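Working notes, beginning with the structure itself.
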Amino acid sequence: MTASATPQPPVTVRMFTQRLSATPRGARLARHLALNQLHDWGIPHDAPAADSVAVIVAELAANAVTHGQVPGRDFELRLSLVPGSVRVEVTDTRTEPVPAVRPSGPLDDGGRGLRLVDALADRWEVLDREPPPGKTVRAEVDLPRWPAPARWAGARDS
């Protein structure tokens, strides 16, 4: 006797990938592209998740342009709509590690970008780029109407 299989709904993962010039214009374009892609996936511009993703993309793209730039090399934006969340990945070709999130003083010129990512993302981590050289900063924002996402090994929870 064999057990009948319970039909499972298909898991749909939608992806968007774009290489952008490592310039301030490329960083601005990354944010606009992300918001438009979320809208195409049915997440409206005024949704809290879209707001969080927009800030995360803006900060990670700005970091890729400011700190991860290698002359003549682009950075890559990848968005994935996975069950339960939106995944943002920004990859650059510089190999220096991402600094730890630390408090910034009120008069500091910078140092707030990763604090924003840490506050807005439900999880984030830094991975070595495949293929090397470089790194990928990955962040996820949960979508309340979707099933809960699987956890990553070693991921940071906010």
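Starting from 1 in every chain, residues are counted up; chains themselves are A, B, ... following the order of the structure tokens, and ligands are numbered from 1 as listed.
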Residues within 10 Å of Ala49 (chain A), only C-alpha atoms, excluding chain neighbours under 5 positions, as an MDAnalysis selection string = chainID A and resid 38 43:44 54 85:86 120:121 140:144
key: Option closest in space to Glu76 (chain A), from A:Val90, A:Trp41, A:Arg31, A:Glu130 [counting only C-alpha atoms]   =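 Selected residue with least distance to Glu76 (chain A): A:Val90.
Each of A:Val70, A:Ala47, A:Leu60, A:Ala34 was compared to Pro133 (chain A) using only C-alpha atoms, and A:Val70 turns out to be the nearest.
Near Leu35 (chain A), within a cut-off of 12 Å and counting only C-alpha atoms, sit the residues Phe16, Arg28, Leu29, Trp41, Gly42, Ile43, Pro44, His45, Asp46, Ala47, Pro48, Ala49, Ala50, Asp51, Ser52, Val53, Ala54, Val55, Ile56, Val57, Ala58, Leu79, Val86 and Val88 of chain A, with same-chain residues fewer than 6 positions away left out.
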query = Nearest to Thr91 (chain A) among A:His39, A:His32, A:Arg19, A:Arg112, with distances taken over only C-alpha atoms: which residue is it?
reply = A:Arg19
